[in-house]
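upload_17.tsv, holding TSV, C-alpha atoms:
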```tsv
chain	number	residue	atom	x	y	z
S	7	MET	CA	-78.63	-9.78	8.52
S	8	SER	CA	-81.34	-7.61	10.14
S	9	HIS	CA	-85.05	-8.25	9.75
S	10	HIS	CA	-87.77	-5.62	9.55
S	11	GLU	CA	-91.50	-6.02	10.13
S	12	VAL	CA	-93.10	-6.52	6.75
S	13	GLY	CA	-96.40	-7.79	5.40
S	14	PRO	CA	-99.95	-6.61	4.72
S	15	GLU	CA	-100.87	-6.07	8.42
S	16	HIS	CA	-97.88	-3.83	8.96
S	17	ASP	CA	-98.70	-1.87	5.79
S	18	ALA	CA	-102.33	-1.37	6.90
S	19	ARG	CA	-101.28	-0.12	10.36
S	20	SER	CA	-98.80	2.30	8.84
S	21	LEU	CA	-101.43	3.61	6.43
S	22	ASP	CA	-103.96	4.14	9.25
S	23	ARG	CA	-101.36	6.06	11.25
S	24	VAL	CA	-100.57	8.35	8.33
S	25	ILE	CA	-104.26	8.99	7.61
S	26	ALA	CA	-104.93	9.81	11.27
S	27	GLU	CA	-102.09	12.33	11.31
S	28	LEU	CA	-103.30	13.99	8.13
S	29	ARG	CA	-106.88	14.25	9.47
S	30	ALA	CA	-105.87	15.82	12.76
S	31	PRO	CA	-107.07	19.46	13.07
S	32	VAL	CA	-104.49	22.15	12.41
S	33	VAL	CA	-104.01	24.38	15.44
S	34	VAL	CA	-103.82	28.10	14.55
S	35	ARG	CA	-102.91	30.61	17.23
S	36	ARG	CA	-105.61	33.27	17.74
S	37	ASP	CA	-103.21	36.26	17.89
S	38	TRP	CA	-101.52	35.12	14.62
S	39	ARG	CA	-104.92	34.80	12.87
S	40	ALA	CA	-106.02	38.25	14.11
S	41	GLY	CA	-102.78	39.82	12.91
S	42	LEU	CA	-103.24	38.25	9.46
S	43	LEU	CA	-106.78	39.62	9.17
S	44	ARG	CA	-105.62	43.10	10.22
S	45	GLY	CA	-102.93	43.00	7.54
S	46	VAL	CA	-105.43	42.00	4.85
S	47	ALA	CA	-107.79	44.79	5.93
S	48	THR	CA	-105.10	47.45	5.44
S	49	LEU	CA	-104.30	46.41	1.84
S	50	PRO	CA	-105.47	48.84	-0.91
S	51	PRO	CA	-108.41	47.67	-3.03
S	52	PRO	CA	-107.46	45.97	-6.32
S	53	GLY	CA	-107.47	48.20	-9.46
S	54	PRO	CA	-108.55	47.27	-12.97
S	55	GLU	CA	-106.70	44.45	-14.75
S	56	PRO	CA	-103.96	45.76	-17.05
S	57	VAL	CA	-104.76	45.22	-20.71
S	58	ILE	CA	-102.03	43.39	-22.64
S	59	VAL	CA	-102.06	44.15	-26.33
S	60	ARG	CA	-100.36	41.43	-28.40
S	61	ARG	CA	-99.27	42.43	-31.86
S	62	TRP	CA	-97.46	40.48	-34.52
S	63	PRO	CA	-93.97	41.94	-35.00
S	64	LEU	CA	-94.32	41.10	-38.67
S	65	ARG	CA	-97.03	39.93	-41.00
S	66	PRO	CA	-98.10	36.33	-40.41
S	67	ILE	CA	-97.49	35.39	-44.06
S	68	THR	CA	-93.85	36.47	-43.75
S	69	ALA	CA	-93.36	34.37	-40.65
S	70	VAL	CA	-94.97	31.38	-42.35
S	71	ALA	CA	-92.71	31.82	-45.38
S	72	ALA	CA	-89.63	31.98	-43.16
S	73	GLY	CA	-90.74	28.87	-41.30
S	74	LEU	CA	-91.31	26.97	-44.54
S	75	ALA	CA	-87.90	27.99	-45.84
S	76	CYS	CA	-86.23	26.75	-42.66
S	77	ALA	CA	-88.18	23.50	-42.81
S	78	LEU	CA	-87.01	22.94	-46.39
S	79	VAL	CA	-83.40	23.63	-45.44
S	80	GLY	CA	-83.70	21.34	-42.42
S	81	ALA	CA	-85.23	18.57	-44.51
S	82	GLY	CA	-82.44	18.90	-47.07
S	83	ALA	CA	-79.80	18.78	-44.37
S	84	THR	CA	-81.38	15.75	-42.76
S	85	ALA	CA	-81.55	13.97	-46.10
S	86	LEU	CA	-77.91	14.85	-46.73
S	87	ILE	CA	-76.76	13.48	-43.38
S	88	LEU	CA	-79.07	10.53	-42.90
S	89	GLY	CA	-80.09	9.62	-46.41
S	90	ARG	CA	-77.09	7.46	-47.14
S	91	SER	CA	-77.79	3.77	-47.02
S	92	PRO	CA	-75.65	2.16	-44.35
S	93	ARG	CA	-74.20	-1.29	-44.81
S	94	ALA	CA	-73.75	-3.68	-42.01
S	95	THR	CA	-70.39	-5.14	-41.13
S	96	THR	CA	-69.84	-7.68	-38.43
S	97	ASN	CA	-66.96	-7.49	-36.05
S	98	GLU	CA	-65.83	-10.82	-37.39
S	99	GLN	CA	-64.83	-8.71	-40.34
S	100	ILE	CA	-63.39	-6.21	-37.91
S	101	ALA	CA	-61.31	-9.02	-36.51
S	102	ASN	CA	-59.96	-9.49	-39.98
S	103	LEU	CA	-59.25	-5.77	-40.20
S	104	SER	CA	-61.57	-5.64	-43.19
S	105	ALA	CA	-62.56	-2.06	-42.84
S	106	THR	CA	-66.06	-1.19	-43.94
S	107	MET	CA	-66.55	0.31	-47.33
S	108	PRO	CA	-68.79	3.12	-48.54
S	109	LEU	CA	-71.35	2.06	-51.10
S	110	PRO	CA	-70.38	2.47	-54.75
S	111	GLY	CA	-70.63	6.04	-55.87
S	112	GLU	CA	-71.21	7.19	-52.35
S	113	PRO	CA	-68.97	9.79	-50.73
S	114	ALA	CA	-67.21	9.08	-47.47
S	115	ALA	CA	-69.99	8.64	-44.93
S	116	GLN	CA	-70.88	6.73	-41.85
S	117	SER	CA	-70.96	2.98	-42.19
S	118	THR	CA	-72.98	0.70	-39.98
S	119	VAL	CA	-70.83	-1.71	-38.01
S	120	ARG	CA	-72.22	-4.72	-36.17
S	121	PHE	CA	-70.57	-5.42	-32.84
S	122	VAL	CA	-70.97	-8.90	-31.42
S	123	PHE	CA	-69.86	-10.19	-28.04
S	124	VAL	CA	-70.38	-13.79	-26.93
S	125	ALA	CA	-71.49	-13.84	-23.30
S	126	PRO	CA	-74.35	-16.33	-22.76
S	127	TYR	CA	-74.42	-15.86	-18.98
S	128	ALA	CA	-74.23	-12.07	-18.88
S	129	SER	CA	-77.33	-10.19	-17.85
S	130	ARG	CA	-76.40	-6.83	-19.36
S	131	VAL	CA	-73.87	-5.86	-22.01
S	132	ALA	CA	-73.16	-2.41	-23.45
S	133	LEU	CA	-70.74	-0.97	-25.95
S	134	VAL	CA	-68.50	1.96	-25.04
S	135	GLY	CA	-65.96	3.81	-27.12
S	136	ASP	CA	-64.87	7.09	-28.53
S	137	PHE	CA	-68.04	7.15	-30.65
S	138	ASN	CA	-70.25	7.54	-27.58
S	139	LYS	CA	-67.86	9.37	-25.24
S	140	TRP	CA	-67.31	6.12	-23.33
S	141	ASN	CA	-70.78	6.39	-21.88
S	142	PRO	CA	-71.88	2.94	-20.61
S	143	SER	CA	-75.56	3.81	-20.84
S	144	ALA	CA	-75.43	5.19	-24.38
S	145	THR	CA	-75.25	1.97	-26.42
S	146	PRO	CA	-76.83	-1.05	-24.76
S	147	MET	CA	-76.53	-4.31	-26.70
S	148	ARG	CA	-79.38	-6.72	-27.32
S	149	ARG	CA	-79.28	-10.45	-26.81
S	150	SER	CA	-79.20	-12.57	-29.96
S	151	ALA	CA	-82.05	-14.89	-30.79
S	152	ASP	CA	-80.18	-17.96	-29.54
S	153	GLY	CA	-79.27	-16.16	-26.30
S	154	ARG	CA	-75.54	-16.75	-26.63
S	155	ALA	CA	-74.32	-13.43	-27.99
S	156	TRP	CA	-75.01	-9.74	-27.59
S	157	LEU	CA	-75.07	-7.42	-30.56
S	158	VAL	CA	-75.65	-3.89	-31.68
S	159	ASP	CA	-75.46	-2.10	-35.02
S	160	LEU	CA	-73.83	1.30	-34.89
S	161	PRO	CA	-73.19	3.89	-37.60
S	162	LEU	CA	-69.58	5.02	-37.40
S	163	ALA	CA	-67.67	7.74	-39.17
S	164	PRO	CA	-64.59	6.76	-41.16
S	165	GLY	CA	-61.47	6.43	-39.05
S	166	ARG	CA	-59.97	4.48	-36.18
S	167	HIS	CA	-62.25	3.87	-33.22
S	168	VAL	CA	-61.26	2.52	-29.83
S	169	TYR	CA	-63.94	0.58	-27.97
S	170	SER	CA	-64.69	-1.95	-25.29
S	171	PHE	CA	-67.62	-3.92	-23.92
S	172	VAL	CA	-69.19	-3.43	-20.50
S	173	VAL	CA	-70.29	-6.84	-19.29
S	174	ASP	CA	-72.34	-6.66	-16.09
S	175	GLY	CA	-70.41	-3.57	-15.10
S	176	ASP	CA	-66.93	-4.84	-15.99
S	177	LEU	CA	-64.92	-3.72	-19.00
S	178	ALA	CA	-63.85	-6.36	-21.48
S	179	PRO	CA	-61.97	-5.93	-24.76
S	180	ASP	CA	-63.20	-7.57	-27.94
S	181	PRO	CA	-61.34	-10.88	-28.17
S	182	ALA	CA	-61.86	-10.91	-31.93
S	183	ALA	CA	-60.41	-7.47	-32.67
S	184	PRO	CA	-56.97	-5.87	-32.59
S	185	ARG	CA	-55.82	-4.37	-29.33
S	186	ALA	CA	-55.69	-0.61	-29.09
S	187	GLY	CA	-52.16	-0.73	-27.75
S	188	ASP	CA	-52.43	2.61	-25.99
S	189	ASP	CA	-54.28	1.28	-22.93
S	190	ASP	CA	-52.93	3.88	-20.54
S	191	PHE	CA	-55.37	3.02	-17.81
S	192	GLY	CA	-54.55	-0.62	-17.25
S	193	ILE	CA	-57.55	-2.09	-19.03
S	194	PRO	CA	-57.04	-2.98	-22.70
S	195	SER	CA	-59.40	-1.78	-25.40
S	196	SER	CA	-59.98	-2.82	-28.99
S	197	VAL	CA	-59.79	-1.08	-32.34
S	198	VAL	CA	-62.12	-0.96	-35.30
S	199	LEU	CA	-61.21	0.75	-38.54
S	200	VAL	CA	-63.88	2.22	-40.76
S	201	ALA	CA	-62.50	3.01	-44.18
S	202	ALA	CA	-63.24	6.08	-46.20
S	203	LYS	CA	-61.41	4.73	-49.22
S	204	GLY	CA	-60.99	1.42	-50.97
S	205	PRO	CA	-59.00	-1.43	-49.50
S	206	GLN	CA	-55.41	-1.98	-50.30
S	207	SER	CA	-55.05	-4.10	-53.37
F	25	MET	CA	-92.44	44.96	-42.51
F	26	ILE	CA	-91.43	43.04	-45.63
F	27	ARG	CA	-87.81	44.02	-44.96
F	28	ILE	CA	-88.03	42.59	-41.47
F	29	GLY	CA	-89.45	39.37	-42.87
F	30	ARG	CA	-86.66	39.10	-45.41
F	31	ARG	CA	-84.02	39.74	-42.80
F	32	LEU	CA	-85.60	37.17	-40.53
F	33	THR	CA	-85.68	34.64	-43.34
F	34	ILE	CA	-82.05	35.28	-44.24
F	35	ALA	CA	-81.01	35.04	-40.59
F	36	MET	CA	-82.82	31.72	-40.13
F	37	LEU	CA	-81.38	30.33	-43.36
F	38	SER	CA	-77.90	31.35	-42.21
F	39	LEU	CA	-78.46	29.71	-38.85
F	40	SER	CA	-79.63	26.52	-40.55
F	41	ALA	CA	-76.55	26.46	-42.77
F	42	LEU	CA	-74.30	27.08	-39.76
F	43	SER	CA	-76.00	24.29	-37.82
F	44	LEU	CA	-75.52	21.94	-40.76
F	45	ALA	CA	-71.84	22.81	-40.99
F	46	ARG	CA	-71.38	22.30	-37.26
F	47	ALA	CA	-73.22	18.98	-37.39
F	48	GLN	CA	-70.89	17.71	-40.09
F	49	HIS	CA	-67.67	18.97	-38.48
F	50	PRO	CA	-68.33	19.48	-34.79
F	51	THR	CA	-65.48	21.02	-32.89
F	52	PRO	CA	-65.09	19.47	-29.45
F	53	ASP	CA	-64.80	21.73	-26.44
F	54	ALA	CA	-64.81	21.56	-22.65
F	55	ASN	CA	-68.43	20.40	-22.71
F	56	ASP	CA	-67.25	17.20	-24.37
F	57	LEU	CA	-65.20	16.32	-21.29
F	58	PRO	CA	-66.74	14.23	-18.51
F	59	SER	CA	-68.02	16.26	-15.60
F	60	GLN	CA	-66.11	14.02	-13.18
F	61	LEU	CA	-62.85	15.69	-14.21
F	62	SER	CA	-61.59	18.53	-12.06
F	63	LEU	CA	-61.60	22.05	-13.43
F	64	ALA	CA	-57.81	22.09	-13.58
F	65	ALA	CA	-57.71	18.83	-15.55
F	66	ARG	CA	-60.36	20.09	-17.95
F	67	GLN	CA	-58.51	23.32	-18.54
F	68	THR	CA	-55.27	21.48	-19.22
F	69	ILE	CA	-56.91	19.12	-21.71
F	70	VAL	CA	-58.72	21.94	-23.51
F	71	HIS	CA	-55.45	23.87	-23.71
F	72	LEU	CA	-53.66	20.83	-25.17
F	73	ALA	CA	-56.47	20.29	-27.66
F	74	ASP	CA	-56.38	23.94	-28.72
F	75	SER	CA	-52.65	23.62	-29.27
F	76	LEU	CA	-53.15	20.60	-31.52
F	77	ARG	CA	-55.92	22.26	-33.45
F	78	SER	CA	-53.80	25.34	-34.04
F	79	VAL	CA	-51.26	23.20	-35.88
F	80	HIS	CA	-53.97	21.28	-37.75
F	81	LEU	CA	-53.59	18.06	-35.80
F	82	PRO	CA	-56.70	16.10	-34.76
F	83	ASP	CA	-57.76	17.11	-31.26
F	84	ARG	CA	-60.76	14.84	-30.86
F	85	PRO	CA	-58.57	11.90	-29.72
F	86	LEU	CA	-57.57	13.89	-26.63
F	87	TYR	CA	-61.20	14.25	-25.54
F	88	ASP	CA	-61.79	10.58	-26.25
F	89	LYS	CA	-58.75	9.61	-24.20
F	90	ALA	CA	-60.00	11.67	-21.25
F	91	ALA	CA	-63.44	10.08	-21.42
F	92	GLU	CA	-61.87	6.62	-21.60
F	93	GLY	CA	-59.77	7.38	-18.52
F	94	VAL	CA	-62.79	8.53	-16.54
F	95	LEU	CA	-64.77	5.40	-17.43
F	96	LYS	CA	-61.80	3.23	-16.44
F	97	GLY	CA	-61.61	4.94	-13.08
F	98	ALA	CA	-58.23	6.63	-13.54
F	99	GLU	CA	-57.26	9.62	-11.44
F	100	ASP	CA	-57.11	13.05	-13.00
F	101	THR	CA	-53.33	13.22	-12.94
F	102	ARG	CA	-53.06	9.94	-14.80
F	103	ILE	CA	-55.63	11.05	-17.35
F	104	VAL	CA	-53.86	14.34	-17.96
F	105	THR	CA	-50.54	12.52	-18.34
F	106	ALA	CA	-52.08	10.13	-20.89
F	107	VAL	CA	-53.64	13.01	-22.81
F	108	ARG	CA	-50.39	14.95	-22.79
F	109	THR	CA	-48.49	11.89	-24.02
F	110	LEU	CA	-51.02	11.33	-26.80
F	111	ALA	CA	-50.71	14.96	-27.90
F	112	ARG	CA	-46.94	14.59	-28.13
F	113	GLU	CA	-47.22	11.29	-30.01
F	114	LEU	CA	-49.64	12.79	-32.51
F	115	GLY	CA	-47.05	15.46	-33.26
F	116	GLU	CA	-44.33	12.84	-33.62
F	117	ALA	CA	-46.60	10.78	-35.86
F	118	ARG	CA	-47.07	13.67	-38.24
F	119	SER	CA	-43.37	14.38	-38.30
F	120	ALA	CA	-42.82	10.76	-39.28
F	121	LEU	CA	-45.66	10.41	-41.80
F	122	GLY	CA	-45.64	13.89	-43.27
F	123	ASP	CA	-48.04	16.80	-43.41
F	124	GLY	CA	-50.41	15.03	-45.79
F	125	ALA	CA	-51.17	12.17	-43.41
F	126	GLU	CA	-54.83	11.56	-42.65
F	127	ALA	CA	-56.25	11.74	-39.14
F	128	ALA	CA	-56.84	7.98	-38.92
F	129	ASP	CA	-53.24	7.31	-39.96
F	130	LEU	CA	-51.93	9.81	-37.41
F	131	VAL	CA	-53.94	8.32	-34.56
F	132	ALA	CA	-52.92	4.79	-35.51
F	133	ALA	CA	-49.30	5.89	-35.81
F	134	ALA	CA	-49.45	7.58	-32.40
F	135	SER	CA	-50.78	4.33	-30.96
F	136	ALA	CA	-47.90	2.40	-32.54
F	137	LEU	CA	-45.38	4.89	-31.16
F	138	HIS	CA	-46.95	4.47	-27.75
F	139	VAL	CA	-46.23	0.75	-27.68
F	140	GLY	CA	-42.68	0.84	-28.96
F	141	ALA	CA	-42.49	1.76	-32.62
F	142	THR	CA	-39.98	4.44	-33.49
F	143	PRO	CA	-40.58	7.44	-35.76
F	144	ALA	CA	-37.99	5.97	-38.13
F	145	MET	CA	-40.08	2.79	-38.44
F	146	LEU	CA	-43.15	4.82	-39.33
F	147	SER	CA	-41.27	6.85	-41.92
F	148	GLN	CA	-39.90	3.63	-43.37
F	149	LEU	CA	-43.42	2.23	-43.68
F	150	ARG	CA	-44.58	5.39	-45.44
F	151	ASP	CA	-41.62	5.25	-47.83
F	152	THR	CA	-42.25	1.57	-48.50
F	153	GLN	CA	-45.87	2.31	-49.27
F	154	ARG	CA	-44.91	5.09	-51.67
F	155	ALA	CA	-42.36	2.90	-53.38
F	156	ALA	CA	-45.00	0.22	-53.81
F	157	GLY	CA	-47.29	2.75	-55.48
F	158	GLY	CA	-49.92	2.68	-52.79
F	159	THR	CA	-50.00	6.36	-51.91
F	160	ALA	CA	-53.73	6.60	-52.53
F	161	VAL	CA	-54.60	4.23	-49.70
F	162	SER	CA	-54.49	4.65	-45.97
F	163	LEU	CA	-51.68	3.33	-43.79
F	164	ALA	CA	-54.09	2.93	-40.89
F	165	THR	CA	-54.58	-0.83	-41.29
F	166	PRO	CA	-50.83	-1.66	-41.31
F	167	LEU	CA	-50.31	0.71	-38.39
F	168	VAL	CA	-53.13	-0.83	-36.35
F	169	ALA	CA	-51.66	-4.29	-37.03
F	170	LEU	CA	-48.23	-3.01	-36.01
F	171	ALA	CA	-49.59	-1.60	-32.75
F	172	ASP	CA	-51.36	-4.89	-32.04
F	173	LEU	CA	-48.18	-6.91	-32.58
F	174	LEU	CA	-46.18	-4.58	-30.36
F	175	SER	CA	-48.80	-4.79	-27.62
F	176	ARG	CA	-48.30	-8.57	-27.72
F	177	HIS	CA	-44.59	-8.05	-27.02
F	178	VAL	CA	-43.36	-8.76	-30.51
F	179	PRO	CA	-39.96	-7.01	-30.76
F	180	ALA	CA	-40.37	-3.73	-32.64
F	181	PRO	CA	-37.80	-4.43	-35.40
F	182	ALA	CA	-39.37	-7.83	-36.17
F	183	ALA	CA	-42.90	-6.42	-36.14
F	184	ALA	CA	-41.98	-3.46	-38.36
F	185	SER	CA	-40.13	-5.74	-40.74
F	186	ALA	CA	-43.12	-8.07	-41.10
F	187	ILE	CA	-45.58	-5.23	-41.62
F	188	GLY	CA	-43.22	-3.51	-44.04
F	189	ALA	CA	-42.92	-6.70	-46.11
F	190	LEU	CA	-46.71	-6.82	-46.48
F	191	VAL	CA	-46.95	-3.11	-47.31
F	192	ALA	CA	-44.25	-3.54	-49.98
F	193	ARG	CA	-46.44	-6.20	-51.62
F	194	ARG	CA	-49.55	-4.06	-51.35
F	195	ALA	CA	-51.15	-6.76	-49.27
F	196	PRO	CA	-54.92	-6.49	-48.77
F	197	ASN	CA	-56.33	-5.83	-45.32
F	198	ASP	CA	-57.16	-9.49	-44.83
F	199	ASP	CA	-53.46	-10.38	-44.91
F	200	PHE	CA	-52.71	-7.96	-42.08
F	201	ALA	CA	-55.57	-9.53	-40.17
F	202	ALA	CA	-54.24	-13.01	-40.85
F	203	LEU	CA	-50.80	-12.00	-39.62
F	204	ARG	CA	-52.19	-10.50	-36.43
F	205	ALA	CA	-54.50	-13.39	-35.65
F	206	GLY	CA	-51.87	-16.00	-36.51
F	207	VAL	CA	-49.25	-14.41	-34.28
F	208	GLU	CA	-51.75	-14.25	-31.44
F	209	ARG	CA	-52.55	-17.95	-31.79
F	210	ASP	CA	-48.88	-18.92	-32.02
F	211	ILE	CA	-47.99	-16.94	-28.91
F	212	ASP	CA	-50.88	-18.56	-27.06
F	213	ALA	CA	-49.55	-21.93	-28.23
F	214	GLY	CA	-46.17	-21.20	-26.66
F	215	ARG	CA	-44.02	-19.78	-29.47
F	216	THR	CA	-41.91	-16.72	-28.83
F	217	PRO	CA	-43.41	-13.53	-30.29
F	218	GLU	CA	-40.43	-13.03	-32.60
F	219	THR	CA	-40.61	-16.56	-33.99
F	220	ALA	CA	-44.35	-16.28	-34.39
F	221	VAL	CA	-44.23	-13.05	-36.38
F	222	THR	CA	-41.33	-14.18	-38.56
F	223	GLN	CA	-42.90	-17.50	-39.52
F	224	ARG	CA	-46.37	-16.07	-40.05
F	225	ALA	CA	-45.04	-13.23	-42.19
F	226	GLN	CA	-43.03	-15.64	-44.35
F	227	SER	CA	-46.10	-17.81	-44.86
F	228	ILE	CA	-48.28	-14.87	-45.87
F	229	ILE	CA	-45.60	-13.47	-48.18
F	230	LYS	CA	-45.37	-16.82	-49.95
F	231	SER	CA	-49.13	-16.79	-50.35
F	232	ILE	CA	-49.09	-13.25	-51.78
F	233	ASP	CA	-46.30	-14.09	-54.19
F	234	ALA	CA	-48.16	-17.22	-55.28
F	235	ARG	CA	-51.31	-15.21	-55.92
F	236	GLY	CA	-49.35	-12.75	-58.00
F	237	ARG	CA	-48.13	-15.39	-60.44
F	238	PRO	CA	-50.07	-15.92	-63.65
```
Can you give me the file's structure in the form of structure tokens?
Amino acid sequence: MSHHEVGPEHDARSLDRVIAELRAPVVVRRDWRAGLLRGVATLPPPGPEPVIVRRWPLRPITAVAAGLACALVGAGATALILGRSPRATTNEQIANLSATMPLPGEPAAQSTVRFVFVAPYASRVALVGDFNKWNPSATPMRRSADGRAWLVDLPLAPGRHVYSFVVDGDLAPDPAAPRAGDDDFGIPSSVVLVAAKGPQS
Amino acid sequence: MIRIGRRLTIAMLSLSALSLARAQHPTPDANDLPSQLSLAARQTIVHLADSLRSVHLPDRPLYDKAAEGVLKGAEDTRIVTAVRTLARELGEARSALGDGAEAADLVAAASALHVGATPAMLSQLRDTQRAAGGTAVSLATPLVALADLLSRHVPAPAAASAIGALVARRAPNDDFAALRAGVERDIDAGRTPETAVTQRAQSIIKSIDARGRP
């Protein structure tokens, strides 16, 4: 292992050296300075500033009306997409293949699924899957209050989702969930089903 | 001027509606593929996805498979092979389940095919479900359970038979979960996969039949 000089004295000496270099006079060659001044002297004198006339392409009231209309449409769309009350489901239920259910009278929509992974000694756990393009920085998990487990709540669209946990940089399947089966890359993944319809009965 | 304002308003409303439609049903494209993939691999995957979409098969699973491969450190050739295989299995899944099969069922069926189920087994499950009067519900749960059993080296005929017996009784999702979890425990305890699935299925069937009695 190599050692480098560290400590406050070393820092102070380095700082003094940098300051001295910055304060040193800049040497400018005389012929270069004279040439620059000659070039400036031959430039034409500046003319009057051009006047830029800004005009509204349409009446302000029309633009405001269009903006309000778009805001209303956007608000409606947002309410349509996000206004549905999610319901939490733990992945203990996932382990039982109890797919989540839309609320009564609610059309097929995203349901919030709770993912839990027990790893008391891990320092960082994230969730990856087809819902976040397998991006390990997209869905970090938070440590539970007792410090034993990691969890995250995620809204998922109805369907079959393949996922895995990233535990301190290593992939780990969910031990409580079904295997994906199609682990083409040598590392198994897990499956969660989010139902759009009622359960079999 | 008023005409311009109206046109502008109509154009912005149209754009908003288009954005809403795209937000609800986004179509994946090359931008959805990880940048680590080579250009050739990306082009191949996009071409495969376009082919699936043109025959109304779900193409999103191909993009997901590619992203999974990149995260798991697979080489491009392996990723493209996996994506190509998945595309073929999705087609086989629809042939087995029929044109009306939902996307989740198709993807689950493709996964089951991948680990050893045959198209005939899938068709048999669909027919069993129809005969049991459960056409209104998804086959995804039985298919996911089937894929899980097969991935634990349960012989395909035994696994399909067990799942089919539950489908025929219109078993709730919890019973498929119980079968899967029980087989896993039994295998861990040293039983052979075939014995485990047979005994667990018989136990659950007895329970279902008992529940059905008045």
Skipping near chain neighbours, those fewer than 3 positions away, what residues fall within 12 Å of Ser119 in chain F using all atoms listed in the file, listed as a ChimeraX atom specification? /F:81,112-116,122-125,130,133-134,142-144,146-147,150
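With distances restricted to only C-alpha atoms, F:Arg176 is the closest residue to Asp212 in chain F from F:Leu61, F:Arg102, F:Arg176, F:Ala91.
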Residues of chain F that have any atom at most 6 Å from an atom of chain S: could you tabulate them with the shortest-distance atom pair and the distance in Å to one decimal, using all atoms listed in the file, ordered by chain and increasing number, as a tab-separated table?
```
residue	atom	partner	partner_atom	distance
F:Met25	CA	S:Leu64	CA	5.8
F:Gly29	CA	S:Thr68	CA	5.3
F:Thr33	CA	S:Ala72	CA	4.8
F:Asp88	CA	S:Asp136	CA	5.2
F:Ala91	CA	S:Trp140	CA	5.9
F:Glu92	CA	S:Trp140	CA	5.7
F:Ala128	CA	S:Gly165	CA	4.9
F:Ser135	CA	S:Asp188	CA	5.5
F:Ala171	CA	S:Gly187	CA	5.7
F:Asp172	CA	S:Arg185	CA	5.2
F:Ser175	CA	S:Gly187	CA	5.3
F:Arg194	CA	S:Ser207	CA	5.9
F:Pro196	CA	S:Gln206	CA	4.8
F:Asn197	CA	S:Ser104	CA	5.7
F:Asp198	CA	S:Asn102	CA	5.6
F:Ala201	CA	S:Asn102	CA	4.4
```
Env of Leu173 in chain F: 12 Å cut, atoms = all atoms listed in the file, seq-sep filter 5 positions within chain, self excluded. Answer as a PDB file with C-alpha atoms, in the coordinates of the input.
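Listing of part-v6.pdb after writing:
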```pdb
ATOM      1  CA  PRO S 184     -56.970  -5.870 -32.590  1.00  0.00           C
ATOM      2  CA  ARG S 185     -55.820  -4.370 -29.330  1.00  0.00           C
ATOM      3  CA  ALA S 186     -55.690  -0.610 -29.090  1.00  0.00           C
ATOM      4  CA  GLY S 187     -52.160  -0.730 -27.750  1.00  0.00           C
TER       5      GLY S 187
ATOM      6  CA  SER F 135     -50.780   4.330 -30.960  1.00  0.00           C
ATOM      7  CA  ALA F 136     -47.900   2.400 -32.540  1.00  0.00           C
ATOM      8  CA  VAL F 139     -46.230   0.750 -27.680  1.00  0.00           C
ATOM      9  CA  GLY F 140     -42.680   0.840 -28.960  1.00  0.00           C
ATOM     10  CA  ALA F 141     -42.490   1.760 -32.620  1.00  0.00           C
ATOM     11  CA  PRO F 166     -50.830  -1.660 -41.310  1.00  0.00           C
ATOM     12  CA  LEU F 167     -50.310   0.710 -38.390  1.00  0.00           C
ATOM     13  CA  VAL F 168     -53.130  -0.830 -36.350  1.00  0.00           C
ATOM     14  CA  VAL F 178     -43.360  -8.760 -30.510  1.00  0.00           C
ATOM     15  CA  PRO F 179     -39.960  -7.010 -30.760  1.00  0.00           C
ATOM     16  CA  ALA F 180     -40.370  -3.730 -32.640  1.00  0.00           C
ATOM     17  CA  PRO F 181     -37.800  -4.430 -35.400  1.00  0.00           C
ATOM     18  CA  ALA F 182     -39.370  -7.830 -36.170  1.00  0.00           C
ATOM     19  CA  ALA F 183     -42.900  -6.420 -36.140  1.00  0.00           C
ATOM     20  CA  ALA F 184     -41.980  -3.460 -38.360  1.00  0.00           C
ATOM     21  CA  SER F 185     -40.130  -5.740 -40.740  1.00  0.00           C
ATOM     22  CA  ALA F 186     -43.120  -8.070 -41.100  1.00  0.00           C
ATOM     23  CA  ILE F 187     -45.580  -5.230 -41.620  1.00  0.00           C
ATOM     24  CA  PHE F 200     -52.710  -7.960 -42.080  1.00  0.00           C
ATOM     25  CA  ALA F 201     -55.570  -9.530 -40.170  1.00  0.00           C
ATOM     26  CA  ALA F 202     -54.240 -13.010 -40.850  1.00  0.00           C
ATOM     27  CA  LEU F 203     -50.800 -12.000 -39.620  1.00  0.00           C
ATOM     28  CA  ARG F 204     -52.190 -10.500 -36.430  1.00  0.00           C
ATOM     29  CA  ALA F 205     -54.500 -13.390 -35.650  1.00  0.00           C
ATOM     30  CA  GLY F 206     -51.870 -16.000 -36.510  1.00  0.00           C
ATOM     31  CA  VAL F 207     -49.250 -14.410 -34.280  1.00  0.00           C
ATOM     32  CA  GLU F 208     -51.750 -14.250 -31.440  1.00  0.00           C
ATOM     33  CA  ARG F 209     -52.550 -17.950 -31.790  1.00  0.00           C
ATOM     34  CA  ILE F 211     -47.990 -16.940 -28.910  1.00  0.00           C
ATOM     35  CA  PRO F 217     -43.410 -13.530 -30.290  1.00  0.00           C
ATOM     36  CA  GLU F 218     -40.430 -13.030 -32.600  1.00  0.00           C
ATOM     37  CA  ALA F 220     -44.350 -16.280 -34.390  1.00  0.00           C
ATOM     38  CA  VAL F 221     -44.230 -13.050 -36.380  1.00  0.00           C
ATOM     39  CA  THR F 222     -41.330 -14.180 -38.560  1.00  0.00           C
ATOM     40  CA  ARG F 224     -46.370 -16.070 -40.050  1.00  0.00           C
ATOM     41  CA  ALA F 225     -45.040 -13.230 -42.190  1.00  0.00           C
TER      42      ALA F 225
END
```
Separation of CA of Met145 in chain F from CA of His177 in chain F in Å: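 It comes out at 16.4 Å.
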